[in-house]
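Text of the file query_36.tsv, holding TSV, C-alpha atoms:
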```tsv
chain	number	residue	atom	x	y	z
A	1	MET	CA	15.13	-18.01	-22.35
A	2	PRO	CA	13.38	-16.14	-19.54
A	3	THR	CA	14.71	-12.70	-18.70
A	4	ALA	CA	15.60	-11.53	-15.20
A	5	LYS	CA	15.29	-7.79	-14.56
A	6	ILE	CA	17.89	-6.59	-12.10
A	7	PRO	CA	17.03	-3.85	-9.56
A	8	PRO	CA	19.48	-0.95	-9.06
A	9	VAL	CA	20.55	-2.37	-5.72
A	10	LEU	CA	21.86	-5.57	-7.38
A	11	ARG	CA	23.51	-4.05	-10.46
A	12	SER	CA	26.91	-3.70	-8.87
A	13	SER	CA	26.80	-7.50	-8.65
A	14	THR	CA	25.90	-7.96	-12.33
A	15	GLY	CA	28.50	-5.63	-13.80
A	16	GLY	CA	25.83	-2.99	-14.30
A	17	GLU	CA	23.55	-5.22	-16.40
A	18	LYS	CA	19.86	-4.34	-16.07
A	19	GLU	CA	18.62	-7.54	-17.70
A	20	VAL	CA	20.13	-11.00	-17.72
A	21	ALA	CA	18.98	-13.96	-19.81
A	22	VAL	CA	18.56	-16.89	-17.45
A	23	ASP	CA	18.12	-20.61	-17.93
A	24	GLY	CA	15.51	-22.74	-16.20
A	25	SER	CA	11.97	-24.03	-16.24
A	26	THR	CA	11.25	-22.89	-12.66
A	27	VAL	CA	11.83	-19.65	-10.78
A	28	GLY	CA	14.37	-21.39	-8.54
A	29	ASP	CA	16.35	-22.73	-11.50
A	30	ALA	CA	16.31	-19.33	-13.17
A	31	LEU	CA	17.59	-17.56	-10.05
A	32	ARG	CA	20.33	-20.16	-9.62
A	33	SER	CA	21.23	-19.57	-13.26
A	34	LEU	CA	21.55	-15.86	-12.46
A	35	ALA	CA	23.72	-16.65	-9.43
A	36	SER	CA	25.99	-18.90	-11.48
A	37	GLN	CA	26.48	-16.16	-14.08
A	38	HIS	CA	26.98	-13.46	-11.45
A	39	PRO	CA	28.19	-15.14	-8.22
A	40	ASP	CA	28.00	-11.92	-6.18
A	41	THR	CA	24.20	-12.04	-6.43
A	42	GLU	CA	23.91	-15.41	-4.69
A	43	ARG	CA	24.34	-14.20	-1.11
A	44	GLN	CA	21.74	-11.48	-1.68
A	45	LEU	CA	19.18	-13.70	-3.40
A	46	PHE	CA	19.34	-16.77	-1.20
A	47	GLY	CA	19.51	-17.54	2.52
A	48	ASP	CA	21.89	-20.08	4.03
A	49	GLY	CA	19.43	-22.93	3.41
A	50	GLY	CA	18.97	-22.04	-0.27
A	51	GLU	CA	15.59	-20.40	0.37
A	52	LEU	CA	14.68	-17.06	-1.19
A	53	ASN	CA	16.01	-14.17	0.91
A	54	ARG	CA	13.15	-12.88	3.05
A	55	TYR	CA	13.59	-9.28	1.86
A	56	VAL	CA	13.65	-10.08	-1.85
A	57	ASN	CA	10.44	-10.09	-3.83
A	58	VAL	CA	10.50	-12.00	-7.11
A	59	TYR	CA	7.70	-11.58	-9.61
A	60	LYS	CA	6.84	-13.79	-12.55
A	61	ASN	CA	5.81	-11.07	-14.97
A	62	ASP	CA	3.92	-9.00	-12.39
A	63	GLU	CA	2.78	-11.60	-9.82
A	64	ASP	CA	4.73	-12.36	-6.62
A	65	VAL	CA	6.03	-15.93	-6.83
A	66	ARG	CA	5.62	-16.38	-3.06
A	67	VAL	CA	1.86	-16.28	-3.63
A	68	LEU	CA	2.24	-18.65	-6.62
A	69	ASP	CA	4.42	-21.73	-6.02
A	70	GLY	CA	7.54	-20.03	-4.72
A	71	LEU	CA	10.81	-21.24	-6.21
A	72	GLU	CA	8.88	-24.11	-7.84
A	73	THR	CA	6.75	-21.70	-9.92
A	74	PRO	CA	7.05	-22.80	-13.54
A	75	LEU	CA	8.58	-20.46	-16.11
A	76	SER	CA	8.39	-20.35	-19.88
A	77	ASP	CA	10.86	-18.71	-22.25
A	78	SER	CA	8.65	-15.68	-22.71
A	79	ASP	CA	8.36	-14.94	-18.99
A	80	THR	CA	10.14	-12.11	-17.23
A	81	LEU	CA	11.38	-12.36	-13.68
A	82	MET	CA	11.38	-9.06	-11.82
A	83	ILE	CA	13.58	-8.96	-8.74
A	84	LEU	CA	12.82	-6.19	-6.26
A	85	PRO	CA	13.61	-5.29	-2.68
A	86	ALA	CA	10.52	-5.46	-0.46
A	87	MET	CA	9.30	-1.87	0.01
A	88	ALA	CA	6.66	-0.62	2.42
A	89	GLY	CA	4.18	2.23	2.25
A	90	GLY	CA	1.82	3.81	4.73
B	1	MET	CA	-43.72	18.17	1.10
B	2	ASP	CA	-41.74	15.96	3.51
B	3	ALA	CA	-38.98	18.03	5.13
B	4	GLY	CA	-36.82	14.95	5.80
B	5	VAL	CA	-33.73	14.14	3.77
B	6	ASP	CA	-34.29	11.78	0.88
B	7	ASN	CA	-30.77	10.37	0.67
B	8	ARG	CA	-30.77	8.17	3.78
B	9	PRO	CA	-28.80	6.53	5.14
B	10	CYS	CA	-26.78	9.65	5.78
B	11	GLY	CA	-23.38	9.48	7.44
B	12	GLY	CA	-24.83	9.44	10.94
B	13	LYS	CA	-24.57	11.78	13.95
B	14	TYR	CA	-21.42	11.90	16.11
B	15	GLY	CA	-20.15	13.73	19.18
B	16	ASP	CA	-16.90	14.78	17.52
B	17	THR	CA	-14.87	14.35	14.36
B	18	VAL	CA	-12.82	11.40	15.67
B	19	ALA	CA	-16.03	9.49	16.31
B	20	ALA	CA	-17.11	10.28	12.73
B	21	ILE	CA	-14.23	8.26	11.23
B	22	GLY	CA	-15.33	5.46	8.92
B	23	HIS	CA	-18.87	4.87	7.57
B	24	THR	CA	-17.58	5.74	4.10
B	25	PRO	CA	-19.70	5.36	0.95
B	26	LEU	CA	-19.41	2.28	-1.25
B	27	VAL	CA	-19.71	3.41	-4.86
B	28	GLU	CA	-20.15	1.23	-7.95
B	29	LEU	CA	-17.73	1.88	-10.81
B	30	LYS	CA	-20.09	0.97	-13.62
B	31	SER	CA	-17.97	2.14	-16.51
B	32	LEU	CA	-15.00	0.04	-15.38
B	33	ALA	CA	-16.87	-3.27	-15.18
B	34	PRO	CA	-15.45	-5.55	-17.89
B	35	LYS	CA	-18.67	-7.53	-18.42
B	36	PRO	CA	-22.33	-7.61	-17.37
B	37	GLY	CA	-22.89	-9.40	-14.08
B	38	VAL	CA	-19.58	-8.34	-12.60
B	39	HIS	CA	-19.75	-5.28	-10.39
B	40	ILE	CA	-16.79	-3.27	-9.12
B	41	TRP	CA	-17.33	-1.30	-5.92
B	42	ALA	CA	-14.97	1.16	-4.27
B	43	LYS	CA	-15.07	2.43	-0.71
B	44	LEU	CA	-14.23	6.12	-0.89
B	45	GLU	CA	-11.98	6.64	2.10
B	46	SER	CA	-11.47	10.28	1.13
B	47	HIS	CA	-14.71	10.83	3.06
B	48	ASN	CA	-12.88	10.40	6.36
B	49	PRO	CA	-12.20	13.55	8.45
B	50	THR	CA	-8.59	14.07	7.31
B	51	GLY	CA	-9.30	12.59	3.90
B	52	SER	CA	-7.79	9.12	4.04
B	53	VAL	CA	-8.30	5.53	5.17
B	54	LYS	CA	-5.56	6.09	7.74
B	55	ASP	CA	-8.00	7.88	10.04
B	56	ARG	CA	-9.35	4.43	10.88
B	57	VAL	CA	-5.88	3.11	11.62
B	58	ALA	CA	-4.67	6.10	13.61
B	59	ARG	CA	-7.74	6.07	15.84
B	60	SER	CA	-7.31	2.36	16.44
B	61	LEU	CA	-3.58	2.74	17.25
B	62	ILE	CA	-4.16	5.53	19.77
B	63	GLU	CA	-7.23	4.01	21.39
B	64	ASP	CA	-5.38	0.69	21.70
B	65	ALA	CA	-2.45	2.42	23.44
B	66	GLU	CA	-4.82	4.25	25.77
B	67	ALA	CA	-6.72	1.08	26.61
B	68	ARG	CA	-3.49	-0.74	27.46
B	69	GLY	CA	-2.22	2.19	29.54
B	70	ALA	CA	0.79	2.45	27.23
B	71	ILE	CA	0.62	6.24	26.90
B	72	GLU	CA	-0.08	9.03	29.32
B	73	ALA	CA	-1.27	12.59	28.85
B	74	GLY	CA	1.34	14.76	27.18
B	75	GLN	CA	3.55	11.87	26.06
B	76	THR	CA	5.17	12.31	22.63
B	77	ILE	CA	4.03	9.91	19.93
B	78	LEU	CA	6.63	8.98	17.27
B	79	GLU	CA	5.67	7.24	14.01
B	80	PRO	CA	7.22	6.52	10.60
B	81	THR	CA	4.84	7.25	7.73
B	82	SER	CA	4.72	8.15	4.06
B	83	GLY	CA	2.21	10.79	5.03
B	84	ASN	CA	-1.38	9.70	5.49
B	85	THR	CA	-0.95	7.89	8.81
B	86	GLY	CA	0.98	10.88	10.09
B	87	ILE	CA	-1.76	13.32	9.06
B	88	SER	CA	-4.43	11.18	10.72
B	89	LEU	CA	-2.36	10.79	13.89
B	90	ALA	CA	-1.70	14.53	13.88
B	91	MET	CA	-5.40	15.36	13.95
B	92	ILE	CA	-6.19	12.78	16.62
B	93	CYS	CA	-3.15	13.61	18.75
B	94	ARG	CA	-4.02	17.29	18.69
B	95	ARG	CA	-7.59	16.49	19.77
B	96	LYS	CA	-6.30	14.29	22.57
B	97	GLY	CA	-3.31	16.36	23.69
B	98	TYR	CA	-0.37	14.20	22.61
B	99	PRO	CA	2.60	15.91	20.87
B	100	LEU	CA	3.41	14.08	17.61
B	101	LYS	CA	6.69	13.58	15.77
B	102	VAL	CA	6.58	11.85	12.38
B	103	VAL	CA	9.44	10.48	10.30
B	104	MET	CA	8.61	10.85	6.60
B	105	PRO	CA	10.55	10.43	3.33
B	106	SER	CA	11.74	13.78	1.99
B	107	ASN	CA	10.33	13.19	-1.50
B	108	VAL	CA	6.64	13.19	-0.63
B	109	THR	CA	4.42	15.95	-1.92
B	110	GLU	CA	4.46	19.38	-0.28
B	111	GLU	CA	0.79	19.02	0.68
B	112	ARG	CA	1.66	16.32	3.19
B	113	THR	CA	4.15	18.59	4.93
B	114	GLN	CA	1.60	21.41	5.04
B	115	LEU	CA	-1.16	19.23	6.48
B	116	LEU	CA	1.13	17.81	9.16
B	117	ARG	CA	2.29	21.30	10.16
B	118	MET	CA	-1.31	22.52	10.13
B	119	TYR	CA	-2.19	19.94	12.79
B	120	GLY	CA	0.93	20.81	14.79
B	121	ALA	CA	3.10	17.74	14.10
B	122	GLU	CA	6.89	17.91	14.12
B	123	ILE	CA	8.44	16.40	10.98
B	124	VAL	CA	11.76	14.60	10.71
B	125	TYR	CA	12.70	13.82	7.10
B	126	SER	CA	14.32	10.54	6.09
B	127	PRO	CA	16.23	10.06	2.79
B	128	GLY	CA	13.66	10.17	-0.01
B	129	GLU	CA	15.40	7.60	-2.15
B	130	GLN	CA	14.93	4.99	0.59
B	131	GLY	CA	11.14	5.42	0.58
B	132	SER	CA	9.15	4.31	3.61
B	133	ASN	CA	11.83	1.73	4.44
B	134	GLY	CA	14.18	4.58	5.30
B	135	ALA	CA	11.54	6.27	7.47
B	136	VAL	CA	10.92	3.02	9.36
B	137	ALA	CA	14.64	2.46	9.97
B	138	MET	CA	15.16	6.04	11.19
B	139	ALA	CA	12.13	5.98	13.51
B	140	LEU	CA	13.21	2.67	15.03
B	141	GLU	CA	16.65	4.17	15.77
B	142	MET	CA	15.07	7.27	17.34
B	143	ALA	CA	12.76	5.16	19.50
B	144	GLU	CA	15.69	3.09	20.69
B	145	SER	CA	17.73	6.11	21.70
B	146	GLU	CA	14.89	7.99	23.42
B	147	SER	CA	12.69	5.83	25.63
B	148	SER	CA	10.13	8.54	26.39
B	149	TYR	CA	8.62	8.22	22.91
B	150	TYR	CA	5.63	5.97	22.34
B	151	MET	CA	5.75	4.50	18.84
B	152	PRO	CA	2.45	2.92	17.74
B	153	TYR	CA	4.36	1.28	14.83
B	154	GLN	CA	1.58	0.71	12.32
B	155	TYR	CA	3.69	-1.90	10.50
B	156	GLY	CA	3.77	-4.27	13.46
B	157	ASN	CA	0.72	-3.35	15.51
B	158	GLU	CA	-2.37	-5.57	15.30
B	159	ALA	CA	-4.50	-2.51	16.08
B	160	ASN	CA	-3.86	-1.51	12.44
B	161	PRO	CA	-5.56	-4.51	10.75
B	162	ARG	CA	-8.11	-4.60	13.57
B	163	ALA	CA	-9.41	-1.18	12.45
B	164	HIS	CA	-10.35	-2.84	9.15
B	165	TYR	CA	-11.49	-6.13	10.64
B	166	ASP	CA	-13.92	-4.29	12.93
B	167	GLY	CA	-14.64	-1.38	10.57
B	168	THR	CA	-14.02	-1.48	6.83
B	169	ALA	CA	-14.94	-5.15	6.42
B	170	VAL	CA	-18.10	-4.89	8.51
B	171	GLU	CA	-19.24	-1.89	6.49
B	172	ILE	CA	-18.70	-3.83	3.24
B	173	LEU	CA	-20.59	-6.86	4.53
B	174	ASP	CA	-23.43	-4.60	5.64
B	175	GLU	CA	-23.89	-3.44	2.06
B	176	LEU	CA	-23.18	-6.52	-0.07
B	177	ASP	CA	-24.49	-10.06	0.33
B	178	ASP	CA	-21.52	-11.63	-1.39
B	179	VAL	CA	-17.98	-10.56	-2.22
B	180	ALA	CA	-16.23	-12.55	-4.95
B	181	ALA	CA	-12.95	-10.67	-4.60
B	182	PHE	CA	-11.40	-7.99	-2.46
B	183	VAL	CA	-8.54	-5.89	-3.84
B	184	GLY	CA	-6.44	-3.80	-1.48
B	185	GLY	CA	-3.31	-1.72	-1.85
B	186	LEU	CA	-0.27	-3.06	-0.04
B	187	GLY	CA	1.50	-0.49	2.09
B	188	THR	CA	1.53	-1.62	5.71
B	189	GLY	CA	-0.76	-4.56	4.94
B	190	GLY	CA	-3.41	-3.35	7.40
B	191	THR	CA	-6.27	-2.94	4.91
B	192	LEU	CA	-5.59	-6.29	3.25
B	193	MET	CA	-5.07	-8.29	6.43
B	194	GLY	CA	-7.95	-6.88	8.45
B	195	THR	CA	-10.53	-6.64	5.69
B	196	GLY	CA	-9.38	-9.81	3.93
B	197	ARG	CA	-9.48	-11.92	7.08
B	198	ARG	CA	-13.02	-10.90	7.95
B	199	LEU	CA	-14.30	-11.29	4.40
B	200	LYS	CA	-12.79	-14.78	4.20
B	201	GLU	CA	-14.43	-15.68	7.52
B	202	ALA	CA	-17.75	-14.63	6.01
B	203	ASP	CA	-17.02	-16.53	2.78
B	204	PRO	CA	-13.85	-18.61	2.41
B	205	ASN	CA	-14.21	-18.37	-1.38
B	206	THR	CA	-13.63	-14.61	-1.39
B	207	LEU	CA	-10.38	-13.93	-3.22
B	208	VAL	CA	-8.02	-11.51	-1.49
B	209	VAL	CA	-5.74	-9.72	-3.93
B	210	ALA	CA	-2.90	-7.34	-3.10
B	211	ALA	CA	-1.96	-4.51	-5.45
B	212	GLU	CA	1.47	-3.18	-4.61
B	213	PRO	CA	3.48	-0.29	-5.97
B	214	LEU	CA	6.40	-0.85	-8.28
B	215	GLN	CA	8.47	2.06	-7.07
B	216	GLY	CA	10.40	4.05	-9.63
B	217	GLU	CA	14.04	3.04	-9.85
B	218	LEU	CA	15.12	6.29	-8.24
B	219	VAL	CA	13.04	5.41	-5.16
B	220	GLN	CA	14.87	2.13	-4.69
B	221	GLY	CA	17.96	3.71	-3.16
B	222	LEU	CA	18.70	0.85	-0.79
B	223	ARG	CA	22.23	-0.27	-0.07
B	224	SER	CA	21.43	-3.95	-0.32
B	225	LEU	CA	18.45	-6.24	-0.63
B	226	ASP	CA	18.76	-6.78	3.12
B	227	ASP	CA	17.41	-3.24	3.52
B	228	GLY	CA	14.11	-4.51	2.16
B	229	PHE	CA	11.28	-4.39	4.66
B	230	ILE	CA	8.21	-6.56	5.14
B	231	PRO	CA	5.77	-5.24	7.73
B	232	PRO	CA	5.43	-7.87	10.47
B	233	ILE	CA	1.61	-7.72	10.35
B	234	ILE	CA	1.58	-9.17	6.81
B	235	ASP	CA	0.63	-12.83	6.52
B	236	LEU	CA	1.15	-13.80	2.87
B	237	ALA	CA	-0.93	-16.95	3.41
B	238	LEU	CA	-4.05	-14.78	3.45
B	239	LEU	CA	-3.38	-13.50	-0.08
B	240	ASP	CA	-4.59	-15.30	-3.19
B	241	ARG	CA	-2.68	-13.02	-5.53
B	242	LYS	CA	-0.11	-10.24	-5.17
B	243	ILE	CA	0.41	-8.09	-8.24
B	244	PHE	CA	2.57	-5.03	-8.74
B	245	VAL	CA	1.43	-1.88	-10.50
B	246	SER	CA	3.85	0.59	-12.06
B	247	ASN	CA	3.54	4.29	-11.25
B	248	ARG	CA	2.67	4.78	-14.91
B	249	ASP	CA	-0.29	2.36	-14.84
B	250	ALA	CA	-1.45	3.77	-11.52
B	251	VAL	CA	-1.52	7.27	-13.02
B	252	VAL	CA	-3.30	6.04	-16.16
B	253	TRP	CA	-6.06	4.55	-14.01
B	254	THR	CA	-6.18	7.56	-11.69
B	255	LYS	CA	-6.94	9.69	-14.76
B	256	LYS	CA	-9.46	7.12	-15.97
B	257	LEU	CA	-11.32	7.36	-12.64
B	258	ILE	CA	-11.71	11.08	-13.19
B	259	GLU	CA	-12.72	10.83	-16.84
B	260	GLU	CA	-15.09	7.88	-16.60
B	261	GLU	CA	-16.40	7.95	-13.03
B	262	GLY	CA	-15.89	11.53	-11.89
B	263	ILE	CA	-13.84	10.28	-8.95
B	264	PHE	CA	-10.91	12.47	-7.90
B	265	ALA	CA	-8.74	9.91	-6.12
B	266	GLY	CA	-5.13	9.52	-5.08
B	267	VAL	CA	-2.66	7.57	-7.21
B	268	SER	CA	-2.84	4.41	-5.11
B	269	SER	CA	-6.58	4.34	-5.89
B	270	GLY	CA	-5.67	4.21	-9.58
B	271	ALA	CA	-3.47	1.22	-8.82
B	272	VAL	CA	-6.19	-0.75	-7.02
B	273	ALA	CA	-8.69	0.19	-9.74
B	274	ALA	CA	-6.34	-1.31	-12.35
B	275	ILE	CA	-6.07	-4.59	-10.44
B	276	SER	CA	-9.79	-4.65	-9.63
B	277	HIS	CA	-10.57	-4.41	-13.33
B	278	ARG	CA	-8.14	-7.24	-14.07
B	279	VAL	CA	-9.54	-9.48	-11.33
B	280	ALA	CA	-13.10	-8.68	-12.46
B	281	ALA	CA	-12.26	-9.74	-16.01
B	282	ASP	CA	-11.48	-13.25	-14.73
B	283	LEU	CA	-14.88	-13.61	-13.05
B	284	GLU	CA	-18.16	-14.67	-14.63
B	285	ALA	CA	-20.27	-12.79	-12.10
B	286	GLY	CA	-20.12	-11.25	-8.64
B	287	ASN	CA	-18.89	-8.27	-6.70
B	288	VAL	CA	-15.30	-7.06	-6.69
B	289	VAL	CA	-14.70	-4.66	-3.81
B	290	THR	CA	-11.78	-2.33	-3.36
B	291	VAL	CA	-10.75	0.52	-1.10
B	292	PHE	CA	-9.72	3.89	-2.53
B	293	PRO	CA	-7.34	5.05	0.21
B	294	ASP	CA	-7.59	8.80	-0.35
B	295	GLY	CA	-8.58	11.66	-2.63
B	296	GLY	CA	-6.32	13.49	-5.03
B	297	TRP	CA	-5.87	16.72	-3.08
B	298	LYS	CA	-2.52	15.82	-1.55
B	299	TYR	CA	-1.01	14.99	-4.94
B	300	LEU	CA	-2.04	18.06	-6.94
B	301	SER	CA	1.44	19.60	-6.76
B	302	SER	CA	2.92	16.49	-8.42
B	303	GLY	CA	1.10	17.45	-11.61
B	304	VAL	CA	-0.41	14.00	-12.20
B	305	TYR	CA	-3.90	15.44	-12.74
B	306	THR	CA	-2.94	18.22	-15.11
B	307	LYS	CA	0.08	16.99	-17.04
B	308	THR	CA	-0.02	14.35	-19.75
B	309	LEU	CA	1.70	11.00	-19.25
B	310	GLU	CA	4.37	12.06	-21.68
B	311	GLU	CA	5.05	15.20	-19.65
B	312	LEU	CA	5.19	13.22	-16.41
B	313	GLU	CA	7.65	10.80	-17.97
B	314	ALA	CA	9.78	13.59	-19.39
B	315	ASP	CA	10.02	15.51	-16.11
B	316	GLY	CA	10.84	12.39	-14.08
B	317	THR	CA	7.74	12.45	-11.84
B	318	LEU	CA	6.92	8.81	-12.51
B	319	GLU	CA	10.42	7.72	-11.53
B	320	THR	CA	10.96	9.85	-8.46
B	321	ALA	CA	7.61	10.50	-6.79
B	322	SER	CA	6.39	8.55	-3.80
B	323	PHE	CA	2.63	8.10	-3.97
B	324	TRP	CA	2.05	5.31	-1.40
```
Let me see the file written as structure tokens.
Amino acid sequence: MPTAKIPPVLRSSTGGEKEVAVDGSTVGDALRSLASQHPDTERQLFGDGGELNRYVNVYKNDEDVRVLDGLETPLSDSDTLMILPAMAGG
Amino acid sequence: MDAGVDNRPCGGKYGDTVAAIGHTPLVELKSLAPKPGVHIWAKLESHNPTGSVKDRVARSLIEDAEARGAIEAGQTILEPTSGNTGISLAMICRRKGYPLKVVMPSNVTEERTQLLRMYGAEIVYSPGEQGSNGAVAMALEMAESESSYYMPYQYGNEANPRAHYDGTAVEILDELDDVAAFVGGLGTGGTLMGTGRRLKEADPNTLVVAAEPLQGELVQGLRSLDDGFIPPIIDLALLDRKIFVSNRDAVVWTKKLIEEEGIFAGVSSGAVAAISHRVAADLEAGNVVTVFPDGGWKYLSSGVYTKTLEELEADGTLETASFW
């Protein structure tokens, strides 16, 4: 199963877990699997229409899924999903 | 013997230091090329007057405000920054007679504070654990409560990418006939948007790749994911790839630049070098161009150039420092 890495800001919603095994062959399925295991994450991960929250960056291994195929990006069991808040520099 | 210089073109002749911004050298990184036929080039933005790519942006922001009549002599400029934009604004504002107040995360290196004070800027510190996001939020609140400030707001001002569209990109195209890929660090998005847009206009097949920092966990002190921040100038549709780089990998490549190329660059340069090498490995031939945002001077006190990786991990630098 793919692994989702949980950022510090979401850990209060996962009972402190830093990594969660998730089910799904796409990024969207995997994130919904995370939300079903830890319901408090759902409102932070998704907008009202089920789209990815604008301020959440999700990476398949190290590439931003928004620049791949978004929630439809395919996942294999060996992939890691990294969830991070969008941070600026400058 | 001819008395003329033999290393033309030189950097040019300018009326003052602000006019001398840009025109930075494009240097090939031969030892980092993964295969023959693929060339990696870096624009060394440390050659700008205050030592970073942000000189281009700061000049563009101030000249844009002046051209629109948005600021008047003596008006205080307010800007959130992780350091470099503030330092560039500080030099330009001092030259032009505008007081400057910058909002900066408290966990940046001491050198940035010293350089800002040297140029006469006032510094307001935002919580370090919130990174640049915290500085942006605090500056927006200050601007709302005090209308006399002018905030250029590099994150949402098209004058930021325009500095690269009209400057950095043109300089690259002047030197190279074709660019297979452009790799830029993602901070405000200005370098990537401005340079990427112009390079794609010149050749739609040019790949535009963002390298972004994976902040240490202790620099992700946000209350919720809604405190995330995406600079309004960023258009993700322009990017072909967006890849994060850990502080550890960025430091590894920063050290590699010194050891293999003799280039003393800042940590974000190590990050874009890592991604440039990776992108280059996927190409059969062509030029990969990147921008090294600054030199290493402002990061010396962090120890990244003198300590080993193991020491940096043990003392927490890789988890807590803010390099972008």
Shell of 9 Å around stretch 232-249 of chain B, all atoms listed in the file, local chain residues under 6 positions omitted, as JSON, numbers by chain: {"A": [59, 62, 63, 64, 65, 66, 67, 68], "B": [154, 155, 156, 157, 158, 160, 161, 186, 188, 189, 190, 192, 193, 196, 197, 200, 207, 208, 209, 210, 211, 212, 213, 214, 215, 216, 267, 268, 270, 271, 272, 274, 275, 309, 312, 313, 318, 319, 321, 323]}
Surrounding residues of stretch 81-86 of chain B excluding itself and chain neighbours under 3 positions, 9 Å, only C-alpha atoms, as a PyMOL selection string: (chain A and resi 89-90) or (chain B and resi 50-55+57-58+89-91+100-105+108-109+112-113+116+121+131-132+135-136+154+294+322-324)
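We find atom CA of B:Lys255 and atom CA of B:Ser46 to be spaced 16.5 Å apart.
The closest residue to B:Trp253, picked from B:Leu32, B:Val179, B:Ile230, B:Ile92 and counting all atoms listed in the file, is B:Leu32.
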9 Å contact set for B:Gly97, all atoms listed in the file, chain neighbours under 5 positions out, as number ranges by chain: B: 73-75, 92
Which residues of chain A sit at most 12 Å from chain B, using all atoms listed in the file? Give each one's shortest atom pair and distance in Å (one decimal place), in chain and ascending residue order, as CSV.
```
residue,atom,partner,partner_atom,distance
A:Lys5,CA,B:Glu217,CA,11.9
A:Ile6,CA,B:Glu217,CA,10.6
A:Pro7,CA,B:Glu217,CA,7.5
A:Pro8,CA,B:Glu217,CA,6.8
A:Val9,CA,B:Ser224,CA,5.7
A:Leu10,CA,B:Ser224,CA,7.3
A:Arg11,CA,B:Ser224,CA,10.4
A:Ser12,CA,B:Ser224,CA,10.2
A:Ser13,CA,B:Ser224,CA,10.5
A:Lys18,CA,B:Glu217,CA,11.3
A:Asp40,CA,B:Ser224,CA,11.9
A:Thr41,CA,B:Leu225,CA,10.0
A:Glu42,CA,B:Leu225,CA,11.4
A:Arg43,CA,B:Leu225,CA,9.9
A:Gln44,CA,B:Leu225,CA,6.3
A:Leu45,CA,B:Leu225,CA,8.0
A:Phe46,CA,B:Leu225,CA,10.6
A:Gly47,CA,B:Asp226,CA,10.8
A:Leu52,CA,B:Leu225,CA,11.5
A:Asn53,CA,B:Asp226,CA,8.2
A:Arg54,CA,B:Asp226,CA,8.3
A:Tyr55,CA,B:Gly228,CA,4.8
A:Val56,CA,B:Leu225,CA,6.3
A:Asn57,CA,B:Gly228,CA,9.0
A:Val58,CA,B:Phe244,CA,10.7
A:Tyr59,CA,B:Ile243,CA,8.2
A:Lys60,CA,B:Ile243,CA,9.6
A:Asn61,CA,B:Ile243,CA,9.1
A:Asp62,CA,B:Ile243,CA,5.5
A:Glu63,CA,B:Ile243,CA,4.5
A:Asp64,CA,B:Lys242,CA,5.5
A:Val65,CA,B:Lys242,CA,8.5
A:Arg66,CA,B:Leu236,CA,7.9
A:Val67,CA,B:Arg241,CA,5.9
A:Leu68,CA,B:Arg241,CA,7.6
A:Asp69,CA,B:Arg241,CA,11.2
A:Gly70,CA,B:Leu236,CA,11.7
A:Met82,CA,B:Phe244,CA,10.2
A:Ile83,CA,B:Leu225,CA,9.8
A:Leu84,CA,B:Leu225,CA,8.0
A:Pro85,CA,B:Gly228,CA,4.9
A:Ala86,CA,B:Gly228,CA,4.5
A:Met87,CA,B:Phe229,CA,5.6
A:Ala88,CA,B:Gly187,CA,5.2
A:Gly89,CA,B:Gly187,CA,3.8
A:Gly90,CA,B:Gly187,CA,5.1
```
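Take atom CA of B:Asn205 and atom CA of B:Leu44: the distance between them is 24.5 Å.
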Test item: residues at most 7 Å from stretch 20-37 of chain A, all atoms listed in the file, excluding those fewer than 2 positions along its chain, as a PyMOL selection string: chain A and resi 1-5+17-18+39+41-42+71-76
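Atom to atom, atom CA of B:Lys256 and atom CA of B:Thr308 stand 12.5 Å apart.
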Box along x, y and z, 3 Å on every side, all listed atoms of stretch 149-162 of chain B inside: centre and edge lengths in Å to one decimal, as lines of an AutoDock Vina configuration file.
```
center_x = 0.3
center_y = 1.3
center_z = 16.7
size_x = 22.7
size_y = 19.8
size_z = 18.4
```
Shell of 12 Å around B:Ala19, all atoms listed in the file, local chain residues under 6 positions omitted, as a list in words: Gly11, Gly12, Lys13, Asn48, Pro49, Asp55, Arg56, Arg59, Ser60, Glu63, Ile92 and Arg95 of chain B
As a PDB file, in the frame of the given file, could you write out stretch 125-130 of chain B once it has been completed with N, CA and C atoms?
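Wrote it out as selection_1.pdb, contents follow:
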```pdb
ATOM      1  N   TYR B 125      12.644  14.408   8.438  1.00  0.00           N
ATOM      2  CA  TYR B 125      12.700  13.820   7.100  1.00  0.00           C
ATOM      3  C   TYR B 125      13.749  12.727   7.014  1.00  0.00           C
ATOM      4  N   SER B 126      13.378  11.633   6.358  1.00  0.00           N
ATOM      5  CA  SER B 126      14.320  10.540   6.090  1.00  0.00           C
ATOM      6  C   SER B 126      14.696  10.618   4.598  1.00  0.00           C
ATOM      7  N   PRO B 127      15.799   9.962   4.200  1.00  0.00           N
ATOM      8  CA  PRO B 127      16.230  10.060   2.790  1.00  0.00           C
ATOM      9  C   PRO B 127      15.140   9.595   1.824  1.00  0.00           C
ATOM     10  N   GLY B 128      14.760  10.471   0.893  1.00  0.00           N
ATOM     11  CA  GLY B 128      13.660  10.170  -0.010  1.00  0.00           C
ATOM     12  C   GLY B 128      13.881   8.933  -0.841  1.00  0.00           C
ATOM     13  N   GLU B 129      15.144   8.725  -1.259  1.00  0.00           N
ATOM     14  CA  GLU B 129      15.400   7.600  -2.150  1.00  0.00           C
ATOM     15  C   GLU B 129      15.241   6.253  -1.452  1.00  0.00           C
ATOM     16  N   GLN B 130      15.130   6.249  -0.119  1.00  0.00           N
ATOM     17  CA  GLN B 130      14.930   4.990   0.590  1.00  0.00           C
ATOM     18  C   GLN B 130      13.450   4.716   0.870  1.00  0.00           C
TER      19      GLN B 130
END
```
